[in-house]
Amino acid sequence: MHKHLQRLDRIRIECPIYFVTVCTFRRRPILARDAIAKVLVDELRHGRERHGWAIGSYVIMPDHVHFFCAPQRHAKTLSGFMREWKSWTSRRIRAVLPRPTTAATKMGADTSLWQREFFDHVLRSEESYGEKWNYVRDNPVRAELVKSSDDWLYFGSIESLEQWP
């Protein structure tokens, strides 16, 4: 694991809200498609029942996903949740993506969907979920994909975490 990506496992915050970013392998821009976004949102909706994580707001960009989440009382670890979420989404997305040609496979086309690592940030007491969300929500505008964040189709909220717990 890269030295700069090591986790601080000893920090304990009561009722934390995490901001998570997960990127596609080699930042392939494959996520901002209706069928794939549907898979991602569906798997976020199942976060609580499958993994013990409540999911708040999310934005799906072409090559990465941002979302807020909070653990339930008996939640899996964040790393365990992300590992399983990537596995579930990978399986389902592969079913809707076009298959690579044999020639592309022979040339070493990689079949990994997600980068191994993910970025997580615990919102601290002085940070505002709403302010962080507004910043994230404007990602498609900063990336020049749309003129207004309201024009971007791939965002939403599963449940409210602002008053968490």
# chains A, B, ... in the order shown; residues from 1 in each chain; ligands from 1

call {"tool": "select_by_dssp", "arguments": {"residues": "chain A", "states": "strand (DSSP E or B)", "output": "ChimeraX atom specification"}}
result
/A:18-24,53-60,64-71,114,119-122,155-157

call {"tool": "select_by_dssp", "arguments": {"residues": "chain A", "states": "helix (DSSP H, G or I)", "output": "PyMOL selection string"}}
result
chain A and resi 3-5+25-27+34-45+47-51+78-96+102-106+129-137+139-142+149-151

call {"tool": "closest_residue", "arguments": {"among": "A:Gly130, A:Pro62, A:Pro16, A:Gly47", "to": "Trp152 in chain A", "atoms": "only C-alpha atoms"}}
result
A:Pro62
